[in-house]
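Have a look at protein-v1.pdb below; it lists PDB, C-alpha atoms, pLDDT in the B column.
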```
ATOM      1  CA  MET A   1      14.707 -14.363   8.507  1.00 40.00           C
ATOM      2  CA  VAL A   2      16.182 -14.358   5.020  1.00 40.00           C
ATOM      3  CA  PHE A   3      17.848 -11.369   3.376  1.00 38.00           C
ATOM      4  CA  SER A   4      17.862 -11.620  -0.391  1.00 43.00           C
ATOM      5  CA  SER A   5      18.856  -9.419  -3.333  1.00 47.00           C
ATOM      6  CA  LEU A   6      18.189 -11.570  -6.392  1.00 45.00           C
ATOM      7  CA  TRP A   7      16.951  -9.317  -9.177  1.00 51.00           C
ATOM      8  CA  GLY A   8      17.112 -10.324 -12.825  1.00 49.00           C
ATOM      9  CA  LYS A   9      18.997  -7.894 -15.026  1.00 46.00           C
ATOM     10  CA  GLU A  10      15.954  -7.280 -17.227  1.00 48.00           C
ATOM     11  CA  SER A  11      13.252  -8.001 -14.659  1.00 53.00           C
ATOM     12  CA  SER A  12      11.769  -4.491 -14.501  1.00 58.00           C
ATOM     13  CA  TYR A  13      10.688  -1.652 -16.726  1.00 79.00           C
ATOM     14  CA  SER A  14       8.680   1.549 -16.416  1.00 89.00           C
ATOM     15  CA  ILE A  15       5.161   1.191 -17.805  1.00 93.00           C
ATOM     16  CA  ALA A  16       3.635   4.596 -17.039  1.00 94.00           C
ATOM     17  CA  LYS A  17       4.487   8.161 -16.101  1.00 94.00           C
ATOM     18  CA  ILE A  18       2.306   9.196 -13.145  1.00 94.00           C
ATOM     19  CA  PRO A  19       3.247  12.410 -11.280  1.00 94.00           C
ATOM     20  CA  GLU A  20       3.990  11.793  -7.584  1.00 92.00           C
ATOM     21  CA  ALA A  21       2.720   8.206  -7.718  1.00 94.00           C
ATOM     22  CA  SER A  22       2.116   7.342  -4.064  1.00 93.00           C
ATOM     23  CA  GLY A  23       0.003   4.168  -4.010  1.00 96.00           C
ATOM     24  CA  ILE A  24      -1.095   1.346  -6.274  1.00 98.00           C
ATOM     25  CA  SER A  25      -3.581  -1.539  -6.216  1.00 98.00           C
ATOM     26  CA  TYR A  26      -4.501  -4.310  -8.644  1.00 98.00           C
ATOM     27  CA  CYS A  27      -8.199  -4.693  -9.547  1.00 98.00           C
ATOM     28  CA  ARG A  28      -8.887  -8.358 -10.278  1.00 96.00           C
ATOM     29  CA  ASP A  29     -12.341  -7.787 -11.760  1.00 96.00           C
ATOM     30  CA  SER A  30     -11.103  -5.371 -14.445  1.00 97.00           C
ATOM     31  CA  ASP A  31      -7.458  -6.513 -14.703  1.00 97.00           C
ATOM     32  CA  THR A  32      -6.330  -2.916 -14.251  1.00 98.00           C
ATOM     33  CA  LEU A  33      -4.299  -0.923 -11.760  1.00 98.00           C
ATOM     34  CA  ILE A  34      -5.388   2.046  -9.666  1.00 98.00           C
ATOM     35  CA  VAL A  35      -2.602   4.543  -8.969  1.00 98.00           C
ATOM     36  CA  ALA A  36      -2.978   7.323  -6.387  1.00 96.00           C
ATOM     37  CA  ASN A  37      -0.994  10.537  -6.318  1.00 94.00           C
ATOM     38  CA  ASP A  38      -0.200  13.125  -3.642  1.00 90.00           C
ATOM     39  CA  GLU A  39      -2.380  15.859  -5.163  1.00 92.00           C
ATOM     40  CA  GLY A  40      -5.760  14.119  -4.937  1.00 94.00           C
ATOM     41  CA  TRP A  41      -5.694  12.420  -8.344  1.00 96.00           C
ATOM     42  CA  TYR A  42      -6.115   8.761  -9.141  1.00 97.00           C
ATOM     43  CA  TYR A  43      -5.456   6.966 -12.407  1.00 97.00           C
ATOM     44  CA  GLU A  44      -6.794   3.694 -13.733  1.00 97.00           C
ATOM     45  CA  ILE A  45      -4.234   2.111 -16.041  1.00 97.00           C
ATOM     46  CA  THR A  46      -3.865  -1.203 -17.827  1.00 97.00           C
ATOM     47  CA  THR A  47      -1.175  -3.636 -16.682  1.00 96.00           C
ATOM     48  CA  ASP A  48       0.836  -2.430 -19.685  1.00 94.00           C
ATOM     49  CA  GLY A  49       0.590   1.190 -18.523  1.00 95.00           C
ATOM     50  CA  ASP A  50      -2.071   2.696 -20.796  1.00 96.00           C
ATOM     51  CA  ILE A  51      -4.213   5.272 -18.975  1.00 96.00           C
ATOM     52  CA  VAL A  52      -7.915   4.314 -18.930  1.00 96.00           C
ATOM     53  CA  THR A  53      -9.245   7.101 -16.696  1.00 95.00           C
ATOM     54  CA  LYS A  54      -7.865  10.004 -14.675  1.00 96.00           C
ATOM     55  CA  ARG A  55      -9.864  11.718 -11.947  1.00 96.00           C
ATOM     56  CA  ARG A  56      -9.379  14.160  -9.093  1.00 96.00           C
ATOM     57  CA  VAL A  57     -11.329  13.501  -5.901  1.00 94.00           C
ATOM     58  CA  GLY A  58     -10.394  16.655  -4.041  1.00 92.00           C
ATOM     59  CA  ASN A  59      -7.660  18.311  -2.017  1.00 92.00           C
ATOM     60  CA  TYR A  60      -6.395  15.135  -0.397  1.00 92.00           C
ATOM     61  CA  ASP A  61      -2.901  13.739   0.105  1.00 91.00           C
ATOM     62  CA  LEU A  62      -3.673  10.273  -1.248  1.00 94.00           C
ATOM     63  CA  GLU A  63      -1.082   7.675  -0.285  1.00 93.00           C
ATOM     64  CA  GLY A  64      -2.118   4.005  -0.527  1.00 94.00           C
ATOM     65  CA  VAL A  65      -5.141   2.478  -2.252  1.00 97.00           C
ATOM     66  CA  VAL A  66      -7.178  -0.734  -2.136  1.00 98.00           C
ATOM     67  CA  CYS A  67      -9.347  -1.750  -5.087  1.00 98.00           C
ATOM     68  CA  GLU A  68     -12.624  -3.550  -4.323  1.00 97.00           C
ATOM     69  CA  GLU A  69     -15.464  -4.546  -6.663  1.00 95.00           C
ATOM     70  CA  ASP A  70     -17.651  -1.577  -5.767  1.00 96.00           C
ATOM     71  CA  ARG A  71     -15.257   0.975  -4.299  1.00 97.00           C
ATOM     72  CA  PHE A  72     -11.731   2.303  -3.900  1.00 98.00           C
ATOM     73  CA  LEU A  73     -10.280   2.966  -0.451  1.00 97.00           C
ATOM     74  CA  PHE A  74      -7.492   5.539  -0.287  1.00 97.00           C
ATOM     75  CA  ALA A  75      -5.240   6.152   2.706  1.00 94.00           C
ATOM     76  CA  ILE A  76      -5.091   9.868   3.513  1.00 93.00           C
ATOM     77  CA  GLU A  77      -1.848  10.661   5.288  1.00 88.00           C
ATOM     78  CA  ASP A  78      -3.236  13.068   7.887  1.00 85.00           C
ATOM     79  CA  ARG A  79      -6.958  12.200   8.076  1.00 85.00           C
ATOM     80  CA  GLY A  80      -8.057   8.593   7.630  1.00 89.00           C
ATOM     81  CA  ILE A  81      -9.569   6.643   4.733  1.00 94.00           C
ATOM     82  CA  LEU A  82     -11.277   8.117   1.671  1.00 95.00           C
ATOM     83  CA  ILE A  83     -13.911   5.844   0.103  1.00 95.00           C
ATOM     84  CA  VAL A  84     -14.824   6.409  -3.554  1.00 97.00           C
ATOM     85  CA  ASP A  85     -17.763   4.609  -5.149  1.00 96.00           C
ATOM     86  CA  ARG A  86     -16.622   3.098  -8.451  1.00 95.00           C
ATOM     87  CA  LYS A  87     -19.959   3.733 -10.206  1.00 94.00           C
ATOM     88  CA  THR A  88     -21.063   7.118  -8.888  1.00 95.00           C
ATOM     89  CA  GLU A  89     -17.568   8.433  -8.039  1.00 93.00           C
ATOM     90  CA  ARG A  90     -18.992   9.867  -4.815  1.00 95.00           C
ATOM     91  CA  ALA A  91     -16.362  10.230  -2.110  1.00 94.00           C
ATOM     92  CA  LYS A  92     -16.505  10.325   1.676  1.00 93.00           C
ATOM     93  CA  VAL A  93     -13.912  10.371   4.428  1.00 92.00           C
ATOM     94  CA  LEU A  94     -13.969   7.789   7.206  1.00 90.00           C
ATOM     95  CA  GLU A  95     -12.462   9.005  10.439  1.00 87.00           C
ATOM     96  CA  ILE A  96     -10.499   6.330  12.308  1.00 90.00           C
ATOM     97  CA  ASP A  97     -10.445   6.084  16.091  1.00 89.00           C
ATOM     98  CA  SER A  98      -6.702   6.001  16.814  1.00 90.00           C
ATOM     99  CA  THR A  99      -7.179   4.573  20.301  1.00 92.00           C
ATOM    100  CA  TYR A 100      -5.559   1.194  20.909  1.00 94.00           C
ATOM    101  CA  ARG A 101      -5.540  -0.499  24.313  1.00 94.00           C
ATOM    102  CA  GLY A 102      -6.554   2.706  26.003  1.00 93.00           C
ATOM    103  CA  LYS A 103      -3.887   4.901  24.397  1.00 92.00           C
ATOM    104  CA  LYS A 104      -4.013   7.302  21.475  1.00 91.00           C
ATOM    105  CA  LEU A 105      -1.590   6.391  18.703  1.00 90.00           C
ATOM    106  CA  LYS A 106      -0.015   9.162  16.646  1.00 86.00           C
ATOM    107  CA  LEU A 107      -1.360   7.686  13.452  1.00 87.00           C
ATOM    108  CA  PHE A 108      -2.231  10.695  11.293  1.00 83.00           C
ATOM    109  CA  ASP A 109       0.295  13.410  10.553  1.00 78.00           C
ATOM    110  CA  LYS A 110       1.162  15.607   7.572  1.00 75.00           C
ATOM    111  CA  LYS A 111       4.828  14.650   7.667  1.00 75.00           C
ATOM    112  CA  SER A 112       4.804  11.103   9.080  1.00 78.00           C
ATOM    113  CA  GLY A 113       1.282   9.758   8.814  1.00 84.00           C
ATOM    114  CA  ILE A 114      -0.437   6.919   6.983  1.00 90.00           C
ATOM    115  CA  GLU A 115       1.412   5.837   3.842  1.00 90.00           C
ATOM    116  CA  GLY A 116      -0.036   2.455   2.848  1.00 94.00           C
ATOM    117  CA  ILE A 117      -3.207   0.383   3.003  1.00 97.00           C
ATOM    118  CA  ALA A 118      -3.962  -3.292   2.328  1.00 97.00           C
ATOM    119  CA  LYS A 119      -6.993  -5.520   2.849  1.00 97.00           C
ATOM    120  CA  VAL A 120      -6.731  -8.914   4.533  1.00 96.00           C
ATOM    121  CA  ASP A 121     -10.051 -10.741   4.887  1.00 94.00           C
ATOM    122  CA  ASP A 122     -12.329  -8.238   6.682  1.00 93.00           C
ATOM    123  CA  LEU A 123      -9.561  -6.049   8.083  1.00 96.00           C
ATOM    124  CA  TYR A 124      -7.684  -3.096   6.613  1.00 97.00           C
ATOM    125  CA  TYR A 125      -4.022  -2.674   7.438  1.00 97.00           C
ATOM    126  CA  LEU A 126      -2.546   0.837   7.562  1.00 96.00           C
ATOM    127  CA  SER A 127       1.182   1.558   7.645  1.00 93.00           C
ATOM    128  CA  LYS A 128       2.427   4.400   9.808  1.00 90.00           C
ATOM    129  CA  GLN A 129       5.477   6.040   8.263  1.00 82.00           C
ATOM    130  CA  SER A 130       8.408   7.161  10.366  1.00 80.00           C
ATOM    131  CA  LYS A 131      12.115   7.576   9.679  1.00 80.00           C
ATOM    132  CA  LYS A 132      12.753   5.934  13.061  1.00 82.00           C
ATOM    133  CA  LYS A 133      12.152   2.180  13.158  1.00 81.00           C
ATOM    134  CA  ASN A 134      10.662   2.210  16.663  1.00 80.00           C
ATOM    135  CA  ASN A 135       7.984   4.701  15.593  1.00 83.00           C
ATOM    136  CA  SER A 136       7.097   2.881  12.379  1.00 87.00           C
ATOM    137  CA  PHE A 137       4.277   0.338  12.645  1.00 92.00           C
ATOM    138  CA  VAL A 138       1.194  -1.166  11.015  1.00 95.00           C
ATOM    139  CA  VAL A 139      -2.301  -1.221  12.492  1.00 95.00           C
ATOM    140  CA  ALA A 140      -5.239  -3.458  11.612  1.00 96.00           C
ATOM    141  CA  VAL A 141      -8.527  -1.559  11.426  1.00 95.00           C
ATOM    142  CA  GLU A 142     -12.050  -2.896  11.547  1.00 94.00           C
ATOM    143  CA  LEU A 143     -14.539  -0.826   9.571  1.00 91.00           C
ATOM    144  CA  ASP A 144     -18.280  -0.895  10.178  1.00 82.00           C
ATOM    145  CA  ARG A 145     -21.231   1.468   9.936  1.00 72.00           C
ATOM    146  CA  TYR A 146     -20.914   2.762  13.476  1.00 70.00           C
ATOM    147  CA  HIS A 147     -17.316   2.573  14.631  1.00 78.00           C
ATOM    148  CA  ASN A 148     -13.949   2.315  12.897  1.00 88.00           C
ATOM    149  CA  LYS A 149     -11.424   0.995  15.373  1.00 91.00           C
ATOM    150  CA  ILE A 150      -7.907  -0.412  15.638  1.00 94.00           C
ATOM    151  CA  VAL A 151      -7.900  -4.088  16.613  1.00 94.00           C
ATOM    152  CA  ASP A 152      -4.184  -4.922  16.299  1.00 95.00           C
ATOM    153  CA  LYS A 153      -0.771  -3.267  16.070  1.00 95.00           C
ATOM    154  CA  ILE A 154       2.313  -4.700  14.345  1.00 93.00           C
ATOM    155  CA  LYS A 155       5.703  -3.489  15.551  1.00 91.00           C
ATOM    156  CA  HIS A 156       7.881  -4.559  12.637  1.00 90.00           C
ATOM    157  CA  LYS A 157      10.810  -2.167  13.259  1.00 87.00           C
ATOM    158  CA  ILE A 158      11.178  -1.281   9.571  1.00 89.00           C
ATOM    159  CA  PRO A 159      11.701   2.470   9.033  1.00 87.00           C
ATOM    160  CA  ASP A 160       9.767   4.487   6.472  1.00 85.00           C
ATOM    161  CA  THR A 161       7.185   1.867   5.457  1.00 89.00           C
ATOM    162  CA  ALA A 162       5.588   3.550   2.463  1.00 87.00           C
ATOM    163  CA  GLY A 163       3.477   0.834   0.805  1.00 91.00           C
ATOM    164  CA  LEU A 164       1.505  -2.307   1.662  1.00 96.00           C
ATOM    165  CA  ASP A 165      -0.084  -5.242  -0.167  1.00 97.00           C
ATOM    166  CA  TYR A 166      -1.325  -8.711   0.771  1.00 96.00           C
ATOM    167  CA  HIS A 167      -0.130 -11.509  -1.490  1.00 93.00           C
ATOM    168  CA  ASN A 168      -0.012 -15.303  -1.204  1.00 89.00           C
ATOM    169  CA  GLY A 169      -0.780 -15.278   2.507  1.00 90.00           C
ATOM    170  CA  SER A 170       1.781 -12.639   3.501  1.00 93.00           C
ATOM    171  CA  LEU A 171       1.775  -8.918   4.108  1.00 95.00           C
ATOM    172  CA  TYR A 172       4.354  -7.162   1.936  1.00 95.00           C
ATOM    173  CA  MET A 173       5.680  -3.689   2.639  1.00 93.00           C
ATOM    174  CA  VAL A 174       8.320  -1.417   1.172  1.00 91.00           C
ATOM    175  CA  SER A 175      10.738   0.850   2.987  1.00 87.00           C
ATOM    176  CA  ASP A 176      11.492   3.942   0.935  1.00 79.00           C
ATOM    177  CA  LYS A 177      14.405   4.938   3.167  1.00 79.00           C
ATOM    178  CA  LYS A 178      16.109   1.534   3.034  1.00 82.00           C
ATOM    179  CA  ASP A 179      15.038   0.463  -0.491  1.00 85.00           C
ATOM    180  CA  LEU A 180      13.640  -2.760   0.965  1.00 87.00           C
ATOM    181  CA  LEU A 181      10.841  -5.147   0.125  1.00 90.00           C
ATOM    182  CA  VAL A 182       9.712  -6.857   3.338  1.00 92.00           C
ATOM    183  CA  ARG A 183       7.584  -9.968   3.733  1.00 93.00           C
ATOM    184  CA  TYR A 184       5.703 -10.232   7.031  1.00 94.00           C
ATOM    185  CA  ASP A 185       3.961 -13.403   8.226  1.00 93.00           C
ATOM    186  CA  LEU A 186       0.719 -12.408   9.950  1.00 93.00           C
ATOM    187  CA  LYS A 187       0.254 -15.810  11.623  1.00 91.00           C
ATOM    188  CA  LYS A 188       3.805 -16.068  12.957  1.00 91.00           C
ATOM    189  CA  LYS A 189       3.824 -12.308  13.626  1.00 91.00           C
ATOM    190  CA  ARG A 190       7.341 -11.733  12.369  1.00 92.00           C
ATOM    191  CA  VAL A 191       9.344 -10.550   9.368  1.00 92.00           C
ATOM    192  CA  ILE A 192      10.408 -13.616   7.389  1.00 91.00           C
ATOM    193  CA  CYS A 193      12.243 -12.004   4.503  1.00 89.00           C
ATOM    194  CA  LYS A 194      13.908  -8.751   3.473  1.00 90.00           C
ATOM    195  CA  MET A 195      14.871  -8.109  -0.129  1.00 87.00           C
ATOM    196  CA  LYS A 196      16.988  -5.212  -1.327  1.00 86.00           C
ATOM    197  CA  LEU A 197      15.251  -3.206  -4.066  1.00 81.00           C
ATOM    198  CA  PRO A 198      16.900  -1.266  -6.876  1.00 78.00           C
ATOM    199  CA  SER A 199      17.145   2.331  -5.702  1.00 77.00           C
ATOM    200  CA  SER A 200      13.993   4.381  -6.332  1.00 77.00           C
ATOM    201  CA  ALA A 201      11.369   6.373  -4.432  1.00 83.00           C
ATOM    202  CA  GLN A 202       9.080   3.445  -3.578  1.00 86.00           C
ATOM    203  CA  GLU A 203       5.687   4.631  -2.333  1.00 90.00           C
ATOM    204  CA  GLY A 204       3.320   1.766  -3.155  1.00 94.00           C
ATOM    205  CA  ILE A 205       3.297  -1.903  -4.169  1.00 95.00           C
ATOM    206  CA  ALA A 206       0.781  -4.254  -5.769  1.00 97.00           C
ATOM    207  CA  PHE A 207       0.770  -7.805  -7.091  1.00 95.00           C
ATOM    208  CA  ASP A 208      -1.089  -9.657  -9.790  1.00 95.00           C
ATOM    209  CA  LYS A 209      -0.499 -13.367 -10.456  1.00 90.00           C
ATOM    210  CA  LYS A 210       2.837 -12.884 -12.211  1.00 91.00           C
ATOM    211  CA  HIS A 211       4.046  -9.365 -11.501  1.00 92.00           C
ATOM    212  CA  LEU A 212       5.034  -6.913  -8.813  1.00 92.00           C
ATOM    213  CA  TYR A 213       4.240  -3.242  -9.436  1.00 94.00           C
ATOM    214  CA  ILE A 214       5.854  -0.316  -7.639  1.00 93.00           C
ATOM    215  CA  ALA A 215       4.522   3.236  -7.540  1.00 94.00           C
ATOM    216  CA  ASP A 216       7.554   5.514  -7.660  1.00 91.00           C
ATOM    217  CA  ASP A 217       7.122   8.994  -6.183  1.00 88.00           C
ATOM    218  CA  ASP A 218       9.578  10.326  -8.764  1.00 89.00           C
ATOM    219  CA  GLY A 219       6.791   9.901 -11.324  1.00 92.00           C
ATOM    220  CA  GLN A 220       6.518   6.398 -12.718  1.00 92.00           C
ATOM    221  CA  VAL A 221       5.081   2.918 -12.275  1.00 95.00           C
ATOM    222  CA  LEU A 222       7.590   0.054 -12.369  1.00 92.00           C
ATOM    223  CA  LYS A 223       6.694  -3.508 -13.332  1.00 92.00           C
ATOM    224  CA  TYR A 224       8.665  -6.605 -12.297  1.00 88.00           C
ATOM    225  CA  ARG A 225       8.187 -10.232 -13.297  1.00 85.00           C
ATOM    226  CA  THR A 226       8.280 -12.115 -10.010  1.00 84.00           C
ATOM    227  CA  LYS A 227       9.788 -15.216 -11.630  1.00 80.00           C
ATOM    228  CA  ASP A 228      12.812 -13.111 -12.642  1.00 76.00           C
ATOM    229  CA  ILE A 229      13.266 -11.738  -9.151  1.00 73.00           C
ATOM    230  CA  GLY A 230      13.515 -15.100  -7.398  1.00 66.00           C
ATOM    231  CA  GLY A 231      14.678 -15.485  -3.824  1.00 66.00           C
ATOM    232  CA  GLU A 232      13.019 -16.576  -0.593  1.00 69.00           C
ATOM    233  CA  CYS A 233      10.636 -13.628  -0.498  1.00 80.00           C
ATOM    234  CA  PHE A 234       8.531 -15.089  -3.304  1.00 74.00           C
ATOM    235  CA  LYS A 235       8.431 -18.774  -2.347  1.00 66.00           C
TER
END
```
Reformat the file's structure so that it appears as structure tokens.
Amino acid sequence: MVFSSLWGKESSYSIAKIPEASGISYCRDSDTLIVANDEGWYYEITTDGDIVTKRRVGNYDLEGVVCEEDRFLFAIEDRGILIVDRKTERAKVLEIDSTYRGKKLKLFDKKSGIEGIAKVDDLYYLSKQSKKKNNSFVVAVELDRYHNKIVDKIKHKIPDTAGLDYHNGSLYMVSDKKDLLVRYDLKKKRVICKMKLPSSAQEGIAFDKKHLYIADDDGQVLKYRTKDIGGECFK
């Protein structure tokens, strides 16, 4: 495992002010970003930070978000996944069976529940937040019309995992408590790189081809050029 801290001096800048920004996802079809906040709002912004739309979906604690061609999927800290149709804006909550290998996982909680979501092929990965590394984990969930179930559990031992994204074959997560960017190899099933982040309240991460975006719970969206960051985490 490599630990790196190579950040260019002018590699980042704030592109938008979003109150309590808690999750972010890049939409390839529209070349925009979807930013979730803790009060049930989501924002669509350009990659330069201009707000395109702003909508409230209800009294939900939205944490992470995944952008798909026809829908948005939001992680709700204490309930499950909220699906919003991109055309009709209709929303519905998917309850997740938290049983894994015959045991109930404490997955949903108002203080230490689901904080991030990422899509890898046909599976959705949800990060369970905990200040203790042994209670912090990621689960892979299979969604279908009849049953939404956990099919895998990743014990990464990284405390306070607050955001997830899948990029260039790896699962990336951020630790808000430790100010870390972590690269996890799903095939090798291990952490292969940890990178120290500049101090902020990291709650969500997203990638496009050239940039890393961080949703900062203090109220902004940060943009980094990955070529300026360097290090083993981006090889």
Rows by chain and residue number, region 196-232 of chain A within 12 Å of region 101-118 of chain A, shortest pair, all atoms listed in the file, as JSON lines:
```
{"residue": "A:Gln202", "atom": "CA", "partner": "A:Glu115", "partner_atom": "CA", "distance": 10.9}
{"residue": "A:Glu203", "atom": "CA", "partner": "A:Glu115", "partner_atom": "CA", "distance": 7.6}
{"residue": "A:Gly204", "atom": "CA", "partner": "A:Gly116", "partner_atom": "CA", "distance": 6.9}
{"residue": "A:Ile205", "atom": "CA", "partner": "A:Gly116", "partner_atom": "CA", "distance": 8.9}
{"residue": "A:Ala206", "atom": "CA", "partner": "A:Ala118", "partner_atom": "CA", "distance": 9.4}
{"residue": "A:Phe207", "atom": "CA", "partner": "A:Ala118", "partner_atom": "CA", "distance": 11.5}
{"residue": "A:Ala215", "atom": "CA", "partner": "A:Gly116", "partner_atom": "CA", "distance": 11.4}
{"residue": "A:Asp217", "atom": "CA", "partner": "A:Glu115", "partner_atom": "CA", "distance": 12.0}
```
Between CA of Lys178 (chain A) and CA of Ile96 (chain A), distance in Å (one decimal):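 Calculated distance between CA of Lys178 (chain A) and CA of Ile96 (chain A) is 28.6 Å.
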Residues near Glu44 (chain A), cut-off 9 Å, all atoms listed in the file, skip fewer than 6 positions along chain, as a VMD selection string: chain A and resid 32 to 35 50 to 55
Shortest interatomic distance to Phe72 (chain A) - which of A:Asp38, A:Asn59, A:Ser14, A:Cys27, counting all atoms listed in the file: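 Closest residue, counting all atoms listed in the file: A:Cys27.
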Chain and number of each residue from the PyMOL selection byres ((chain A and resi 36) around 6), as an MDAnalysis selection string: chainID A and resid 21:23 35 37 42 62
Just to be explicit: take each residue in the selection above, keep C-alpha atoms, and write the result as a CSV table (one decimal), in the coordinates of the input.
```csv
chain,number,residue,atom,x,y,z
A,21,ALA,CA,2.7,8.2,-7.7
A,22,SER,CA,2.1,7.3,-4.1
A,23,GLY,CA,0.0,4.2,-4.0
A,35,VAL,CA,-2.6,4.5,-9.0
A,37,ASN,CA,-1.0,10.5,-6.3
A,42,TYR,CA,-6.1,8.8,-9.1
A,62,LEU,CA,-3.7,10.3,-1.2
```
Closest of A:Gly80, A:Leu73, A:Ile229, A:Asp218 to Ala16 (chain A) - atom-to-atom distances counting all atoms listed in the file: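 Nearest candidate to Ala16 (chain A) out of A:Gly80, A:Leu73, A:Ile229, A:Asp218: A:Asp218.
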Straight-line distance linking CA of Lys177 (chain A) with CA of Ala201 (chain A), stated in Å to one decimal: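 So the answer is 8.3 Å.
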Residue with smallest distance to Leu212 (chain A) - pool A:His167, A:Lys17, A:Arg145, A:Lys133, counting only C-alpha atoms: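 For Leu212 (chain A), the nearest of the given residues is A:His167.
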Atomic separation - CA of Met195 (chain A) relative to CA of Val66 (chain A), Å: 23.3 Å
Pick from A:Glu39, A:Asp216, A:Asp160, A:Asp70 nearest to Leu180 (chain A), counting only C-alpha atoms: A:Asp160
Chain and number of each residue from the PyMOL selection byres ((chain A and resi 31) around 10), as a list of chain:residue names: A:Tyr26, A:Cys27, A:Arg28, A:Asp29, A:Ser30, A:Thr32, A:Leu33, A:Ile45, A:Thr46, A:Thr47, A:Asp208
